[in-house]
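Colleague: First the structure, then my questions, so here it is.
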Amino acid sequence: MGKKIELTETVLRDAHQSLLATRMRTEDMLPIAGKLDQVGYWSLEMWGGATFDAALRYLKECPWERLRKLRQAMPRTRFQMLLRGQNIVGYHNYPDDIVEKFIERAAAGGIDVFRIFDAMNDMRNMQAGIKAALKTGKLVEGAICYTISPVHSVDYFLRLGEKLAETGVQILCLKDMGGLLAPYVTYELVKGLKSRFALPVHLHSHCTAGLAPMSYMMAIEAGVDILDTALAPLSQGTSQPATEAIVAALQGTPHDTGLDLKLLSELASYFYGVRRKYAEFESPVNNQVNTNILISQIPGGMLSNLVAQLRQQNAEDKLEAVLRETPEVRKDLGYPPLVTPTSQICGSQAALNVMTGKRYAVVAQETKNYLMGLYGEPPGPISEEIKKKVLGKKEPITCRPADLLKPGLEQARKEIGSLARNEEDVVSYALFPEIAKEFFIWRESHP
Ligand code: CO
């Protein structure tokens with residue numbers, strides 16, 4: 001027994017976000033768009049995540065323009081984006097009206113599949129996004145962020161799957177941003193999700209620790225429906241398993257993807273060139289198997305942030321101590337998955353604890369906000385001692401964090417005025433006020 005495995009190609013989003021600091025330009029996507037459109041992928045992930053911010057900030061490109069141009073060049077393939085729940089494509093919570101407008105414009109611009117997640121797996125941070133995305137009539141994937149801790153079990157993730165299924169999403173996604181998923185756990189999780197819910201299961205992982213290709217095979221054996229892969233030139237390392245390898249592995253089996261290896265190899269020769277073009281943005285650690293994360297739980301991106309932070313303070317010799325302290329802080333904070341922004345919160349607080357020589361003598365504002373519940377509900381209990389020490393008599397919020405935010409769209413519209421050429425510009429400004437404005441001003445003199 002078996003079924004055809006479908007693939008989502010990540011070469012235009014996660015692959016270059018993971019390997020090339022999200023720097024791929026639209027001009028390097030368009031020449032190959034027609035050929036990508038012929039492959040027959042289940043979907044092409046090409047928007048969202050860090051690409052929105054990076055386009056405005058570093059590339060002086062309008063992300064909405066990229067969406068329009070790619071849509072025009074690829075009429076056949078489903079377009080997929082990654083949405084960070086209430087954080088949309090940014091780093092903090094936005095009010096509901098901005099979440100709704102963003103999703104409405106993205107759907108109108110051509111997004112067919114919205115993958116929605118929250119770093120804390122707090123459903124309240126996902127509900128506005130899921131509701132708005134379902135309203136557009138497009139496909140919605142509810143994502144479970146995978147991590148390892150004493151409070152994270154197969155049962156925990158399956159209960160999360162149940163909450164997601166209740167929201168009406170059409171697909172469940174198992175999202176392993178750290179590449180921590182091991183093959184036999186993958187089997188259990190996928191099997192569990194498939195047997196409990198009548199929904200397709202989509203697996204997303206990274207090769208960071210060398211596990212992903214093995215986990216993909218076990219996921220197939222457990223009945224997974226869709227896998228995320230990247231064309232060989234932008235695969236492996238901190239990116240996804242290679243599309244061609246998965247296609248070849250399944251050829252002639254009941255799971256055959258039906259994709260044409262010859263066509264994929266034509267695409268690959270194009271993208272080898274693209275990878276070379278962006279070589280300056282490569283980091284050596286992205287290109288090798290790194291098993292440290294399996295022991296320390298500290299993902300590569302977070303490690304380089306910590307080193308930079310300590311170097312600034314001439315305290316690189318404290319790195320070992322900070323690396324030992326980080327899992328302790330994570331434990332105090334109730335074991336959040338280490339992904340933006342929780343990875344920075346744990347790392348920075350660990351550094352403060354080590355540098356001052358006294359734990360929580362100095363507390364970062366983000367740590368206070370976290371303890372106040374502004375990032376959502378942690379997976380495990382927060383240390384009572386730390387809570388008392390930091391918050392004193394203040395009580396953490398118990399409502400949905402975004403309930404504390406006033407609507408922001410009309411204010412944004414007023415502020416940006418005629419620099420915004422359309423509704424999409426207003427949304428860009430509402431998300432990244434300074435960066436968007438800088439881009440709009442630059443654009444006035446660069447027609
Ligand atoms: Co990813």
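Every chain in the structure tokens has a letter given in the order shown (A, B, ...), and although residue numbers restart at 1 in each chain, ligands are simply numbered from 1 in the order shown.
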Can you check which parts of region 149-237 of chain A lie within 8 Å of region 6-12 of chain A? Per residue, the shortest pair of atoms and distance in Å to one decimal, counting only C-alpha atoms, sorted by chain and number, as CSV.

Modeller:
residue,atom,partner,partner_atom,distance
A:Asp225,CA,A:Glu6,CA,6.2
A:Ile226,CA,A:Glu6,CA,4.6
A:Leu227,CA,A:Leu7,CA,5.0
A:Asp228,CA,A:Thr8,CA,4.7
A:Thr229,CA,A:Glu9,CA,5.3
A:Ala230,CA,A:Thr10,CA,5.1
A:Leu231,CA,A:Val11,CA,6.2
A:Leu234,CA,A:Val11,CA,6.5

Colleague: Neighbours of region 387-389 of chain A within 10 Å (only C-alpha atoms; same-chain residues fewer than 6 positions away dropped), as a PyMOL selection string?

Modeller: chain A and resi 332-333+360-361+363+368+371-372+395-396

Colleague: Can those selected residues be exported to a file as a PDB file, in the first residue's frame so that it contains C-alpha atoms?

Modeller:
ATOM      1  CA  ASP A 332      13.076  28.829  34.059  1.00  0.00           C
ATOM      2  CA  LEU A 333      10.915  30.218  31.248  1.00  0.00           C
ATOM      3  CA  TYR A 360      18.429  37.722  37.117  1.00  0.00           C
ATOM      4  CA  ALA A 361      20.158  40.601  38.928  1.00  0.00           C
ATOM      5  CA  VAL A 363      16.593  41.513  33.604  1.00  0.00           C
ATOM      6  CA  LYS A 368      10.013  40.943  31.622  1.00  0.00           C
ATOM      7  CA  LEU A 371       7.186  36.734  32.062  1.00  0.00           C
ATOM      8  CA  MET A 372       4.206  39.112  31.800  1.00  0.00           C
ATOM      9  CA  GLU A 395       0.356  39.751  37.702  1.00  0.00           C
ATOM     10  CA  PRO A 396       0.962  38.314  34.213  1.00  0.00           C
TER      11      PRO A 396
END

Colleague: List every residue of region 93-277 of chain A that DSSP, applied to the backbone of this structure, places in strand (DSSP E or B), and write the result as a list of chain:residue names.

Modeller: A:Val113, A:Phe114, A:Arg115, A:Ile116, A:Leu139, A:Val140, A:Glu141, A:Gly142, A:Ala143, A:Ile144, A:Cys145, A:Ser149, A:His152, A:Ile171, A:Leu172, A:Cys173, A:Leu174, A:Lys175, A:Val201, A:His202, A:Leu203, A:His204, A:Ile226, A:Leu227, A:Asp228, A:Thr229, A:Ala230, A:Ala242

Colleague: With C-alpha atoms retained, write the just-selected residues as a CSV table (one decimal), in the first residue's frame.

Modeller:
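To be explicit, this is the file written out as selection.csv:
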chain,number,residue,atom,x,y,z
A,113,VAL,CA,-1.6,28.3,0.7
A,114,PHE,CA,-1.0,30.0,4.1
A,115,ARG,CA,1.2,28.1,6.5
A,116,ILE,CA,0.5,29.6,9.9
A,139,LEU,CA,-5.8,26.7,1.7
A,140,VAL,CA,-4.7,27.0,5.3
A,141,GLU,CA,-2.0,24.9,7.0
A,142,GLY,CA,-1.9,25.0,10.8
A,143,ALA,CA,1.7,24.4,11.9
A,144,ILE,CA,3.0,22.6,15.0
A,145,CYS,CA,6.5,23.9,15.9
A,149,SER,CA,12.1,19.4,26.2
A,152,HIS,CA,7.2,18.3,24.9
A,171,ILE,CA,-3.9,20.8,6.3
A,172,LEU,CA,-1.7,20.0,9.3
A,173,CYS,CA,2.0,20.9,9.1
A,174,LEU,CA,4.8,19.5,11.3
A,175,LYS,CA,7.3,22.3,11.3
A,201,VAL,CA,0.0,16.1,6.8
A,202,HIS,CA,2.8,18.3,5.5
A,203,LEU,CA,6.3,17.9,6.9
A,204,HIS,CA,8.9,20.7,7.0
A,226,ILE,CA,3.5,16.4,1.4
A,227,LEU,CA,7.2,17.1,2.0
A,228,ASP,CA,9.2,20.3,1.8
A,229,THR,CA,12.3,20.0,-0.4
A,230,ALA,CA,14.8,22.4,-2.1
A,242,ALA,CA,17.3,17.9,-2.0

Colleague: Which residues are near ligand 1 in this structure, taking near to mean any atom at most 9 Å from a ligand atom and counting only C-alpha atoms and all ligand atoms? Format them as a list of chain:residue names.

Modeller: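 Residues lying within 9 Å of ligand 1: A:Thr10, A:Arg13, A:Asp14, A:Ala15, A:Gln17, A:Ser18, A:Gly49, A:Lys175, A:Asp176, A:Met177, A:Gly178, A:Gly179, A:His204, A:Ser205, A:His206, A:Asp228, A:Thr238, A:Ser239, A:Gln240.
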
Colleague: Could those residues be written to a file, using N, CA, C and O atoms, as a tab-separated table (two decimals), in the first residue's frame?

Modeller:
chain	number	residue	atom	x	y	z
A	10	THR	N	11.04	24.76	-1.93
A	10	THR	CA	11.31	25.93	-1.09
A	10	THR	C	12.41	26.84	-1.64
A	10	THR	O	12.83	27.78	-0.97
A	13	ARG	N	12.13	30.56	-1.14
A	13	ARG	CA	11.90	31.12	0.21
A	13	ARG	C	12.85	30.53	1.24
A	13	ARG	O	13.92	31.04	1.47
A	14	ASP	N	12.49	29.40	1.84
A	14	ASP	CA	13.28	28.93	2.97
A	14	ASP	C	14.72	28.58	2.59
A	14	ASP	O	15.64	28.80	3.37
A	15	ALA	N	14.91	28.03	1.39
A	15	ALA	CA	16.26	27.61	1.00
A	15	ALA	C	17.23	28.78	1.01
A	15	ALA	O	18.31	28.70	1.59
A	17	GLN	N	16.64	31.68	2.46
A	17	GLN	CA	16.63	32.25	3.82
A	17	GLN	C	17.61	31.49	4.71
A	17	GLN	O	18.27	32.06	5.56
A	18	SER	N	17.71	30.17	4.51
A	18	SER	CA	18.57	29.35	5.35
A	18	SER	C	20.03	29.39	4.94
A	18	SER	O	20.92	29.20	5.77
A	49	GLY	N	7.83	34.57	5.78
A	49	GLY	CA	9.01	34.37	6.61
A	49	GLY	C	9.81	35.66	6.64
A	49	GLY	O	9.25	36.75	6.80
A	175	LYS	N	6.30	21.32	11.72
A	175	LYS	CA	7.35	22.28	11.35
A	175	LYS	C	8.55	22.12	12.26
A	175	LYS	O	8.48	22.43	13.45
A	176	ASP	N	9.64	21.64	11.70
A	176	ASP	CA	10.85	21.37	12.47
A	176	ASP	C	11.92	22.35	12.05
A	176	ASP	O	12.83	22.02	11.30
A	177	MET	N	11.82	23.58	12.56
A	177	MET	CA	12.72	24.65	12.11
A	177	MET	C	14.16	24.41	12.53
A	177	MET	O	15.09	24.89	11.89
A	178	GLY	N	14.38	23.64	13.61
A	178	GLY	CA	15.73	23.40	14.09
A	178	GLY	C	16.39	22.15	13.52
A	178	GLY	O	17.55	21.90	13.74
A	179	GLY	N	15.62	21.35	12.77
A	179	GLY	CA	16.18	20.10	12.26
A	179	GLY	C	16.42	19.09	13.36
A	179	GLY	O	17.36	18.29	13.30
A	204	HIS	N	7.84	19.69	7.33
A	204	HIS	CA	8.87	20.68	7.03
A	204	HIS	C	10.05	20.46	7.97
A	204	HIS	O	9.89	20.50	9.19
A	205	SER	N	11.23	20.20	7.42
A	205	SER	CA	12.40	20.04	8.29
A	205	SER	C	13.64	20.65	7.65
A	205	SER	O	13.60	21.14	6.52
A	206	HIS	N	14.71	20.64	8.41
A	206	HIS	CA	16.00	21.19	7.94
A	206	HIS	C	17.09	20.16	8.17
A	206	HIS	O	17.04	19.40	9.14
A	228	ASP	N	8.53	19.11	2.24
A	228	ASP	CA	9.23	20.30	1.77
A	228	ASP	C	10.64	19.94	1.35
A	228	ASP	O	11.41	19.38	2.14
A	238	THR	N	21.84	23.90	6.38
A	238	THR	CA	20.71	24.37	7.18
A	238	THR	C	19.42	24.46	6.38
A	238	THR	O	18.42	24.93	6.89
A	239	SER	N	19.46	24.04	5.10
A	239	SER	CA	18.25	24.08	4.25
A	239	SER	C	17.54	22.73	4.26
A	239	SER	O	17.79	21.88	5.11
A	240	GLN	N	16.64	22.53	3.30
A	240	GLN	CA	15.84	21.30	3.22
A	240	GLN	C	16.60	20.19	2.46
A	240	GLN	O	17.56	20.47	1.75

Colleague: Would you mind reading off the distance between CA of Ala430 (chain A) and CA of Ala412 (chain A), one decimal, in Å?

Modeller: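 These two atoms are separated by 5.3 Å.
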